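my_file-v6.cif, holding mmCIF, N, CA and C atoms:
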```cif
data_work
loop_
_atom_site.label_atom_id
_atom_site.label_comp_id
_atom_site.auth_asym_id
_atom_site.auth_seq_id
_atom_site.Cartn_x
_atom_site.Cartn_y
_atom_site.Cartn_z
N VAL Z 133 13.66 55.98 -21.68
CA VAL Z 133 12.64 56.95 -22.02
C VAL Z 133 11.86 57.31 -20.75
N ASP Z 134 11.15 58.42 -20.81
CA ASP Z 134 10.37 58.81 -19.64
C ASP Z 134 9.08 57.99 -19.55
N THR Z 135 8.38 58.12 -18.46
CA THR Z 135 7.21 57.27 -18.22
C THR Z 135 6.08 57.52 -19.23
N ASP Z 136 5.95 58.75 -19.72
CA ASP Z 136 4.90 59.02 -20.71
C ASP Z 136 5.17 58.27 -22.02
N VAL Z 137 6.40 58.33 -22.48
CA VAL Z 137 6.77 57.64 -23.71
C VAL Z 137 6.64 56.13 -23.51
N MET Z 138 7.10 55.63 -22.36
CA MET Z 138 7.02 54.19 -22.10
C MET Z 138 5.56 53.75 -22.01
N THR Z 139 4.71 54.56 -21.42
CA THR Z 139 3.28 54.24 -21.38
C THR Z 139 2.72 54.12 -22.79
N ASP Z 140 3.05 55.08 -23.65
CA ASP Z 140 2.57 55.04 -25.04
C ASP Z 140 3.05 53.77 -25.75
N LEU Z 141 4.33 53.42 -25.58
CA LEU Z 141 4.88 52.21 -26.21
C LEU Z 141 4.20 50.95 -25.66
N HIS Z 142 4.00 50.93 -24.36
CA HIS Z 142 3.40 49.76 -23.70
C HIS Z 142 1.97 49.54 -24.21
N VAL Z 143 1.21 50.61 -24.34
CA VAL Z 143 -0.16 50.51 -24.85
C VAL Z 143 -0.14 50.11 -26.33
N GLN Z 144 0.70 50.77 -27.11
CA GLN Z 144 0.73 50.54 -28.56
C GLN Z 144 1.17 49.13 -28.92
N TYR Z 145 2.23 48.62 -28.28
CA TYR Z 145 2.81 47.35 -28.70
C TYR Z 145 2.38 46.15 -27.86
N MET Z 146 1.98 46.37 -26.62
CA MET Z 146 1.62 45.26 -25.75
C MET Z 146 0.14 45.28 -25.33
N ASP Z 147 -0.55 46.37 -25.71
CA ASP Z 147 -1.95 46.56 -25.34
C ASP Z 147 -2.15 46.44 -23.83
N GLU Z 148 -1.18 46.99 -23.08
CA GLU Z 148 -1.21 46.99 -21.62
C GLU Z 148 -1.17 48.43 -21.14
N PRO Z 149 -1.89 48.76 -20.05
CA PRO Z 149 -1.91 50.14 -19.56
C PRO Z 149 -0.67 50.49 -18.76
N GLY Z 150 -0.38 51.78 -18.70
CA GLY Z 150 0.67 52.29 -17.84
C GLY Z 150 2.08 51.99 -18.34
N PRO Z 151 3.06 52.60 -17.67
CA PRO Z 151 4.45 52.38 -18.07
C PRO Z 151 4.93 51.01 -17.62
N THR Z 152 5.93 50.51 -18.28
CA THR Z 152 6.58 49.26 -17.87
C THR Z 152 8.06 49.53 -17.73
N ASP Z 153 8.80 48.56 -17.26
CA ASP Z 153 10.23 48.76 -17.01
C ASP Z 153 11.09 48.58 -18.25
N VAL Z 154 10.76 47.56 -19.08
CA VAL Z 154 11.59 47.26 -20.25
C VAL Z 154 10.71 46.69 -21.35
N LEU Z 155 11.01 47.09 -22.58
CA LEU Z 155 10.38 46.52 -23.78
C LEU Z 155 11.47 46.15 -24.75
N SER Z 156 11.27 45.04 -25.45
CA SER Z 156 12.23 44.58 -26.46
C SER Z 156 11.53 44.52 -27.81
N PHE Z 157 12.25 44.99 -28.82
CA PHE Z 157 11.73 45.00 -30.19
C PHE Z 157 12.72 44.29 -31.10
N PRO Z 158 12.49 43.00 -31.38
CA PRO Z 158 13.44 42.26 -32.22
C PRO Z 158 13.43 42.77 -33.65
N MET Z 159 14.61 42.70 -34.30
CA MET Z 159 14.75 43.14 -35.68
C MET Z 159 14.63 41.99 -36.67
N ASP Z 160 14.77 40.75 -36.18
CA ASP Z 160 14.69 39.57 -37.04
C ASP Z 160 15.65 39.63 -38.23
N GLU Z 161 16.84 40.16 -37.99
CA GLU Z 161 17.83 40.25 -39.06
C GLU Z 161 18.95 39.23 -38.92
N LEU Z 162 18.97 38.45 -37.87
CA LEU Z 162 20.05 37.49 -37.68
C LEU Z 162 19.84 36.30 -38.60
N ARG Z 163 20.91 35.86 -39.22
CA ARG Z 163 20.87 34.70 -40.11
C ARG Z 163 21.90 33.70 -39.63
N PRO Z 164 21.54 32.43 -39.60
CA PRO Z 164 22.51 31.43 -39.15
C PRO Z 164 23.66 31.28 -40.13
N GLY Z 165 24.83 30.97 -39.60
CA GLY Z 165 25.98 30.70 -40.44
C GLY Z 165 25.89 29.29 -41.01
N VAL Z 166 26.85 28.97 -41.84
CA VAL Z 166 26.94 27.62 -42.40
C VAL Z 166 28.30 27.05 -42.03
N GLU Z 167 28.45 25.78 -42.19
CA GLU Z 167 29.71 25.10 -41.86
C GLU Z 167 30.90 25.84 -42.48
N GLY Z 168 31.84 26.24 -41.63
CA GLY Z 168 33.05 26.91 -42.09
C GLY Z 168 32.88 28.38 -42.40
N GLU Z 169 31.70 28.91 -42.24
CA GLU Z 169 31.45 30.32 -42.55
C GLU Z 169 30.64 30.94 -41.41
N PRO Z 170 31.18 31.95 -40.76
CA PRO Z 170 30.46 32.53 -39.61
C PRO Z 170 29.16 33.21 -40.04
N SER Z 171 28.31 33.41 -39.05
CA SER Z 171 27.06 34.13 -39.30
C SER Z 171 27.37 35.56 -39.73
N PRO Z 172 26.63 36.07 -40.69
CA PRO Z 172 26.83 37.47 -41.06
C PRO Z 172 26.37 38.39 -39.93
N ALA Z 173 26.93 39.58 -39.91
CA ALA Z 173 26.54 40.57 -38.90
C ALA Z 173 25.07 40.90 -39.04
N GLY Z 174 24.44 41.19 -37.94
CA GLY Z 174 23.03 41.54 -37.95
C GLY Z 174 22.68 42.31 -36.70
N LEU Z 175 21.48 42.79 -36.65
CA LEU Z 175 21.00 43.53 -35.49
C LEU Z 175 20.03 42.65 -34.70
N LEU Z 176 20.21 42.62 -33.39
CA LEU Z 176 19.26 41.89 -32.54
C LEU Z 176 17.95 42.65 -32.45
N GLY Z 177 18.03 43.94 -32.26
CA GLY Z 177 16.83 44.76 -32.11
C GLY Z 177 17.08 45.85 -31.10
N ASP Z 178 16.01 46.38 -30.56
CA ASP Z 178 16.08 47.48 -29.60
C ASP Z 178 15.56 47.05 -28.24
N VAL Z 179 16.21 47.57 -27.20
CA VAL Z 179 15.75 47.40 -25.83
C VAL Z 179 15.48 48.81 -25.31
N VAL Z 180 14.26 49.03 -24.83
CA VAL Z 180 13.86 50.34 -24.31
C VAL Z 180 13.65 50.21 -22.81
N LEU Z 181 14.34 51.05 -22.05
CA LEU Z 181 14.25 51.04 -20.58
C LEU Z 181 13.57 52.31 -20.09
N CYS Z 182 12.88 52.21 -18.98
CA CYS Z 182 12.30 53.37 -18.32
C CYS Z 182 12.99 53.55 -16.98
N PRO Z 183 13.96 54.46 -16.89
CA PRO Z 183 14.72 54.64 -15.64
C PRO Z 183 13.85 54.98 -14.43
N GLU Z 184 12.75 55.70 -14.62
CA GLU Z 184 11.88 56.04 -13.49
C GLU Z 184 11.25 54.79 -12.88
N VAL Z 185 10.77 53.90 -13.72
CA VAL Z 185 10.20 52.64 -13.23
C VAL Z 185 11.31 51.79 -12.61
N ALA Z 186 12.47 51.77 -13.26
CA ALA Z 186 13.60 50.99 -12.74
C ALA Z 186 14.02 51.48 -11.36
N ALA Z 187 14.05 52.78 -11.16
CA ALA Z 187 14.46 53.34 -9.86
C ALA Z 187 13.47 52.95 -8.77
N ARG Z 188 12.19 52.99 -9.08
CA ARG Z 188 11.17 52.58 -8.10
C ARG Z 188 11.32 51.10 -7.76
N GLN Z 189 11.49 50.27 -8.78
CA GLN Z 189 11.65 48.83 -8.56
C GLN Z 189 12.91 48.53 -7.76
N ALA Z 190 13.97 49.28 -8.01
CA ALA Z 190 15.23 49.08 -7.28
C ALA Z 190 15.02 49.38 -5.79
N ARG Z 191 14.34 50.49 -5.51
CA ARG Z 191 14.06 50.82 -4.10
C ARG Z 191 13.25 49.71 -3.44
N GLU Z 192 12.23 49.21 -4.13
CA GLU Z 192 11.38 48.15 -3.58
C GLU Z 192 12.16 46.85 -3.36
N ALA Z 193 13.14 46.58 -4.24
CA ALA Z 193 13.92 45.34 -4.15
C ALA Z 193 15.12 45.49 -3.23
N GLY Z 194 15.47 46.72 -2.85
CA GLY Z 194 16.58 46.95 -1.94
C GLY Z 194 17.94 46.90 -2.60
N HIS Z 195 18.01 47.26 -3.89
CA HIS Z 195 19.31 47.36 -4.54
C HIS Z 195 19.37 48.67 -5.34
N SER Z 196 20.51 48.92 -5.97
CA SER Z 196 20.71 50.20 -6.66
C SER Z 196 19.96 50.25 -7.99
N THR Z 197 19.71 51.48 -8.45
CA THR Z 197 19.10 51.67 -9.75
C THR Z 197 20.00 51.10 -10.84
N GLU Z 198 21.31 51.25 -10.69
CA GLU Z 198 22.24 50.69 -11.67
C GLU Z 198 22.07 49.18 -11.79
N GLU Z 199 21.96 48.49 -10.67
CA GLU Z 199 21.76 47.04 -10.69
C GLU Z 199 20.43 46.68 -11.35
N GLU Z 200 19.40 47.46 -11.09
CA GLU Z 200 18.10 47.20 -11.71
C GLU Z 200 18.18 47.41 -13.22
N LEU Z 201 18.87 48.46 -13.65
CA LEU Z 201 19.02 48.70 -15.08
C LEU Z 201 19.83 47.59 -15.76
N LEU Z 202 20.84 47.06 -15.06
CA LEU Z 202 21.58 45.92 -15.60
C LEU Z 202 20.68 44.69 -15.74
N LEU Z 203 19.86 44.46 -14.74
CA LEU Z 203 18.92 43.34 -14.78
C LEU Z 203 17.95 43.51 -15.95
N LEU Z 204 17.38 44.70 -16.10
CA LEU Z 204 16.41 44.94 -17.17
C LEU Z 204 17.05 44.85 -18.55
N THR Z 205 18.28 45.33 -18.68
CA THR Z 205 18.98 45.23 -19.96
C THR Z 205 19.22 43.77 -20.31
N THR Z 206 19.68 42.99 -19.35
CA THR Z 206 19.90 41.56 -19.56
C THR Z 206 18.59 40.88 -19.93
N HIS Z 207 17.53 41.20 -19.23
CA HIS Z 207 16.21 40.63 -19.49
C HIS Z 207 15.76 40.96 -20.92
N GLY Z 208 15.92 42.22 -21.31
CA GLY Z 208 15.52 42.64 -22.65
C GLY Z 208 16.32 41.95 -23.74
N ILE Z 209 17.62 41.80 -23.53
CA ILE Z 209 18.47 41.13 -24.53
C ILE Z 209 18.10 39.66 -24.64
N LEU Z 210 17.79 39.02 -23.52
CA LEU Z 210 17.37 37.61 -23.58
C LEU Z 210 16.08 37.48 -24.40
N HIS Z 211 15.17 38.42 -24.26
CA HIS Z 211 13.97 38.39 -25.11
C HIS Z 211 14.35 38.51 -26.59
N LEU Z 212 15.30 39.38 -26.90
CA LEU Z 212 15.74 39.52 -28.30
C LEU Z 212 16.36 38.23 -28.83
N LEU Z 213 16.95 37.47 -27.93
CA LEU Z 213 17.57 36.19 -28.32
C LEU Z 213 16.56 35.05 -28.37
N GLY Z 214 15.29 35.35 -28.09
CA GLY Z 214 14.25 34.36 -28.22
C GLY Z 214 13.75 33.73 -26.94
N TYR Z 215 14.27 34.14 -25.80
CA TYR Z 215 13.80 33.61 -24.52
C TYR Z 215 12.48 34.29 -24.14
N ASP Z 216 11.66 33.56 -23.40
CA ASP Z 216 10.38 34.11 -22.96
C ASP Z 216 10.06 33.53 -21.58
N HIS Z 217 9.03 34.08 -20.95
CA HIS Z 217 8.64 33.60 -19.63
C HIS Z 217 7.13 33.49 -19.50
N ALA Z 218 6.47 33.19 -20.61
CA ALA Z 218 5.02 33.04 -20.60
C ALA Z 218 4.59 31.75 -19.89
N GLU Z 219 5.38 30.70 -20.04
CA GLU Z 219 5.08 29.41 -19.44
C GLU Z 219 6.05 29.15 -18.29
N PRO Z 220 5.65 28.40 -17.27
CA PRO Z 220 6.52 28.17 -16.11
C PRO Z 220 7.90 27.61 -16.45
N GLU Z 221 7.98 26.67 -17.36
CA GLU Z 221 9.29 26.11 -17.73
C GLU Z 221 10.16 27.12 -18.45
N GLU Z 222 9.53 27.94 -19.32
CA GLU Z 222 10.26 29.00 -20.00
C GLU Z 222 10.79 30.02 -18.99
N GLU Z 223 9.93 30.38 -18.05
CA GLU Z 223 10.32 31.35 -17.03
C GLU Z 223 11.50 30.83 -16.21
N LYS Z 224 11.43 29.58 -15.82
CA LYS Z 224 12.51 28.97 -15.04
C LYS Z 224 13.83 29.03 -15.80
N GLU Z 225 13.80 28.67 -17.08
CA GLU Z 225 15.02 28.68 -17.90
C GLU Z 225 15.54 30.10 -18.09
N MET Z 226 14.65 31.02 -18.47
CA MET Z 226 15.08 32.39 -18.74
C MET Z 226 15.63 33.07 -17.50
N PHE Z 227 14.92 32.95 -16.38
CA PHE Z 227 15.34 33.64 -15.17
C PHE Z 227 16.62 33.03 -14.59
N ALA Z 228 16.82 31.72 -14.76
CA ALA Z 228 18.06 31.10 -14.30
C ALA Z 228 19.24 31.63 -15.11
N LEU Z 229 19.07 31.73 -16.43
CA LEU Z 229 20.15 32.27 -17.28
C LEU Z 229 20.38 33.74 -16.96
N GLN Z 230 19.32 34.49 -16.78
CA GLN Z 230 19.44 35.91 -16.43
C GLN Z 230 20.23 36.07 -15.14
N ARG Z 231 19.90 35.29 -14.14
CA ARG Z 231 20.61 35.34 -12.85
C ARG Z 231 22.08 34.99 -13.01
N ARG Z 232 22.37 33.93 -13.76
CA ARG Z 232 23.75 33.50 -13.97
C ARG Z 232 24.55 34.58 -14.70
N LEU Z 233 23.97 35.18 -15.72
CA LEU Z 233 24.66 36.25 -16.46
C LEU Z 233 24.94 37.44 -15.56
N LEU Z 234 23.94 37.86 -14.78
CA LEU Z 234 24.12 39.01 -13.90
C LEU Z 234 25.16 38.74 -12.82
N LEU Z 235 25.10 37.57 -12.21
CA LEU Z 235 26.09 37.25 -11.16
C LEU Z 235 27.49 37.19 -11.74
N THR Z 236 27.63 36.65 -12.94
CA THR Z 236 28.94 36.60 -13.59
C THR Z 236 29.45 38.00 -13.88
N PHE Z 237 28.56 38.84 -14.41
CA PHE Z 237 28.96 40.21 -14.74
C PHE Z 237 29.31 41.00 -13.49
N LEU Z 238 28.46 40.92 -12.48
CA LEU Z 238 28.70 41.70 -11.25
C LEU Z 238 29.95 41.22 -10.51
N ALA Z 239 30.25 39.94 -10.60
CA ALA Z 239 31.46 39.40 -9.94
C ALA Z 239 32.72 39.93 -10.62
N GLY Z 240 32.62 40.24 -11.91
CA GLY Z 240 33.79 40.71 -12.65
C GLY Z 240 34.02 42.20 -12.58
N ARG Z 241 33.16 42.92 -11.88
CA ARG Z 241 33.31 44.40 -11.82
C ARG Z 241 34.31 44.80 -10.77
#
```
As structure tokens, the full file:
Amino acid sequence: VDTDVMTDLHVQYMDEPGPTDVLSFPMDELRPGVEGEPSPAGLLGDVVLCPEVAARQAREAGHSTEEELLLLTTHGILHLLGYDHAEPEEEKEMFALQRRLLLTFLAGR
């Protein structure tokens, strides 16, 4: 979405000013499976990206906008899966998994 829409979402859902790079909106529809029966299909939720913010961050970090969008998508999906980075230990776990996923994906391209 563009920066105006992202700003509106950021204020409405996070009570934070200005645009952000990624927002995740979990659907809470996943249900655990039982022994011998797989989990039923469900939706994780929505991940909203702001390409303008991503492009700026990519320039600042010295990599491509595509790589930044991959990072943000991975980050957003990890939030949908229940990972967070509010506490130092949570951040360490989430960012290590994020890095491992990205390196694995980029190595396979």
All file atoms of region 179-197 of chain Z boxed axis-aligned, 8 Å per side, centre plus edges, as JSON:
```
{"center_x": 15.5, "center_y": 50.7, "center_z": -14.6, "size_x": 26.5, "size_y": 26.7, "size_z": 41.3}
```
Separation of atom N of Glu200 (chain Z) from atom N of Thr236 (chain Z) in Å: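 Computed distance, atom N of Thr236 (chain Z) to atom N of Glu200 (chain Z), equals 13.7 Å.
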Interatomic distance (Å, one decimal) between CA of Ser196 (chain Z) and atom C of Ala218 (chain Z): 27.8 Å
Extract, using all atoms listed in the file, all DNA, RNA and protein residues at most 6.5 Å from region 133-145 of chain Z, discarding same-chain residues fewer than 3 positions from it, and format them as a PyMOL selection string. chain Z and resi 148-152+180-184
Residue among Z:Leu210, Z:Met159, Z:Leu203, Z:Val166 lying closest to Ala186 (chain Z), counting only C-alpha atoms: Z:Leu203
How about completing region 175-186 of chain Z with all heavy atoms and giving it to me as a short mmCIF file (atom, residue, chain, number, x, y, z; two decimals), keeping the file's coordinate frame?
```
data_model
loop_
_atom_site.label_atom_id
_atom_site.label_comp_id
_atom_site.auth_asym_id
_atom_site.auth_seq_id
_atom_site.Cartn_x
_atom_site.Cartn_y
_atom_site.Cartn_z
N LEU Z 175 21.48 42.79 -36.65
CA LEU Z 175 21.00 43.53 -35.49
C LEU Z 175 20.03 42.65 -34.70
O LEU Z 175 19.15 42.04 -35.28
CB LEU Z 175 20.26 44.80 -35.91
CG LEU Z 175 21.08 45.84 -36.65
CD1 LEU Z 175 20.18 46.97 -37.13
CD2 LEU Z 175 22.17 46.39 -35.75
N LEU Z 176 20.21 42.62 -33.39
CA LEU Z 176 19.26 41.89 -32.54
C LEU Z 176 17.95 42.65 -32.45
O LEU Z 176 16.88 42.07 -32.51
CB LEU Z 176 19.82 41.72 -31.13
CG LEU Z 176 20.86 40.66 -30.91
CD1 LEU Z 176 21.35 40.70 -29.46
CD2 LEU Z 176 20.32 39.29 -31.25
N GLY Z 177 18.03 43.94 -32.26
CA GLY Z 177 16.83 44.76 -32.11
C GLY Z 177 17.08 45.85 -31.10
O GLY Z 177 18.22 46.21 -30.82
N ASP Z 178 16.01 46.38 -30.56
CA ASP Z 178 16.08 47.48 -29.60
C ASP Z 178 15.56 47.05 -28.24
O ASP Z 178 14.60 46.28 -28.15
CB ASP Z 178 15.23 48.66 -30.08
CG ASP Z 178 15.75 49.27 -31.37
OD1 ASP Z 178 16.98 49.45 -31.48
OD2 ASP Z 178 14.93 49.56 -32.26
N VAL Z 179 16.21 47.57 -27.20
CA VAL Z 179 15.75 47.40 -25.83
C VAL Z 179 15.48 48.81 -25.31
O VAL Z 179 16.35 49.67 -25.36
CB VAL Z 179 16.80 46.68 -24.95
CG1 VAL Z 179 16.36 46.64 -23.50
CG2 VAL Z 179 17.07 45.28 -25.48
N VAL Z 180 14.26 49.03 -24.83
CA VAL Z 180 13.86 50.34 -24.31
C VAL Z 180 13.65 50.21 -22.81
O VAL Z 180 12.89 49.35 -22.36
CB VAL Z 180 12.57 50.84 -24.99
CG1 VAL Z 180 12.17 52.21 -24.47
CG2 VAL Z 180 12.73 50.87 -26.50
N LEU Z 181 14.34 51.05 -22.05
CA LEU Z 181 14.25 51.04 -20.58
C LEU Z 181 13.57 52.31 -20.09
O LEU Z 181 13.73 53.37 -20.69
CB LEU Z 181 15.63 50.96 -19.95
CG LEU Z 181 16.52 49.79 -20.34
CD1 LEU Z 181 17.90 49.97 -19.74
CD2 LEU Z 181 15.91 48.49 -19.91
N CYS Z 182 12.88 52.21 -18.98
CA CYS Z 182 12.30 53.37 -18.32
C CYS Z 182 12.99 53.55 -16.98
O CYS Z 182 12.67 52.84 -16.01
CB CYS Z 182 10.79 53.19 -18.14
SG CYS Z 182 9.99 54.66 -17.46
N PRO Z 183 13.96 54.46 -16.89
CA PRO Z 183 14.72 54.64 -15.64
C PRO Z 183 13.85 54.98 -14.43
O PRO Z 183 14.18 54.58 -13.32
CB PRO Z 183 15.69 55.78 -15.96
CG PRO Z 183 15.82 55.76 -17.44
CD PRO Z 183 14.47 55.32 -17.95
N GLU Z 184 12.75 55.70 -14.62
CA GLU Z 184 11.88 56.04 -13.49
C GLU Z 184 11.25 54.79 -12.88
O GLU Z 184 11.21 54.64 -11.66
CB GLU Z 184 10.80 57.02 -13.92
CG GLU Z 184 11.35 58.39 -14.31
CD GLU Z 184 10.29 59.25 -14.97
OE1 GLU Z 184 9.27 59.54 -14.32
OE2 GLU Z 184 10.49 59.62 -16.14
N VAL Z 185 10.77 53.90 -13.72
CA VAL Z 185 10.20 52.64 -13.23
C VAL Z 185 11.31 51.79 -12.61
O VAL Z 185 11.12 51.19 -11.55
CB VAL Z 185 9.46 51.89 -14.35
CG1 VAL Z 185 9.01 50.52 -13.89
CG2 VAL Z 185 8.26 52.71 -14.85
N ALA Z 186 12.47 51.77 -13.26
CA ALA Z 186 13.60 50.99 -12.74
C ALA Z 186 14.02 51.48 -11.36
O ALA Z 186 14.30 50.67 -10.47
CB ALA Z 186 14.77 51.05 -13.71
#
```
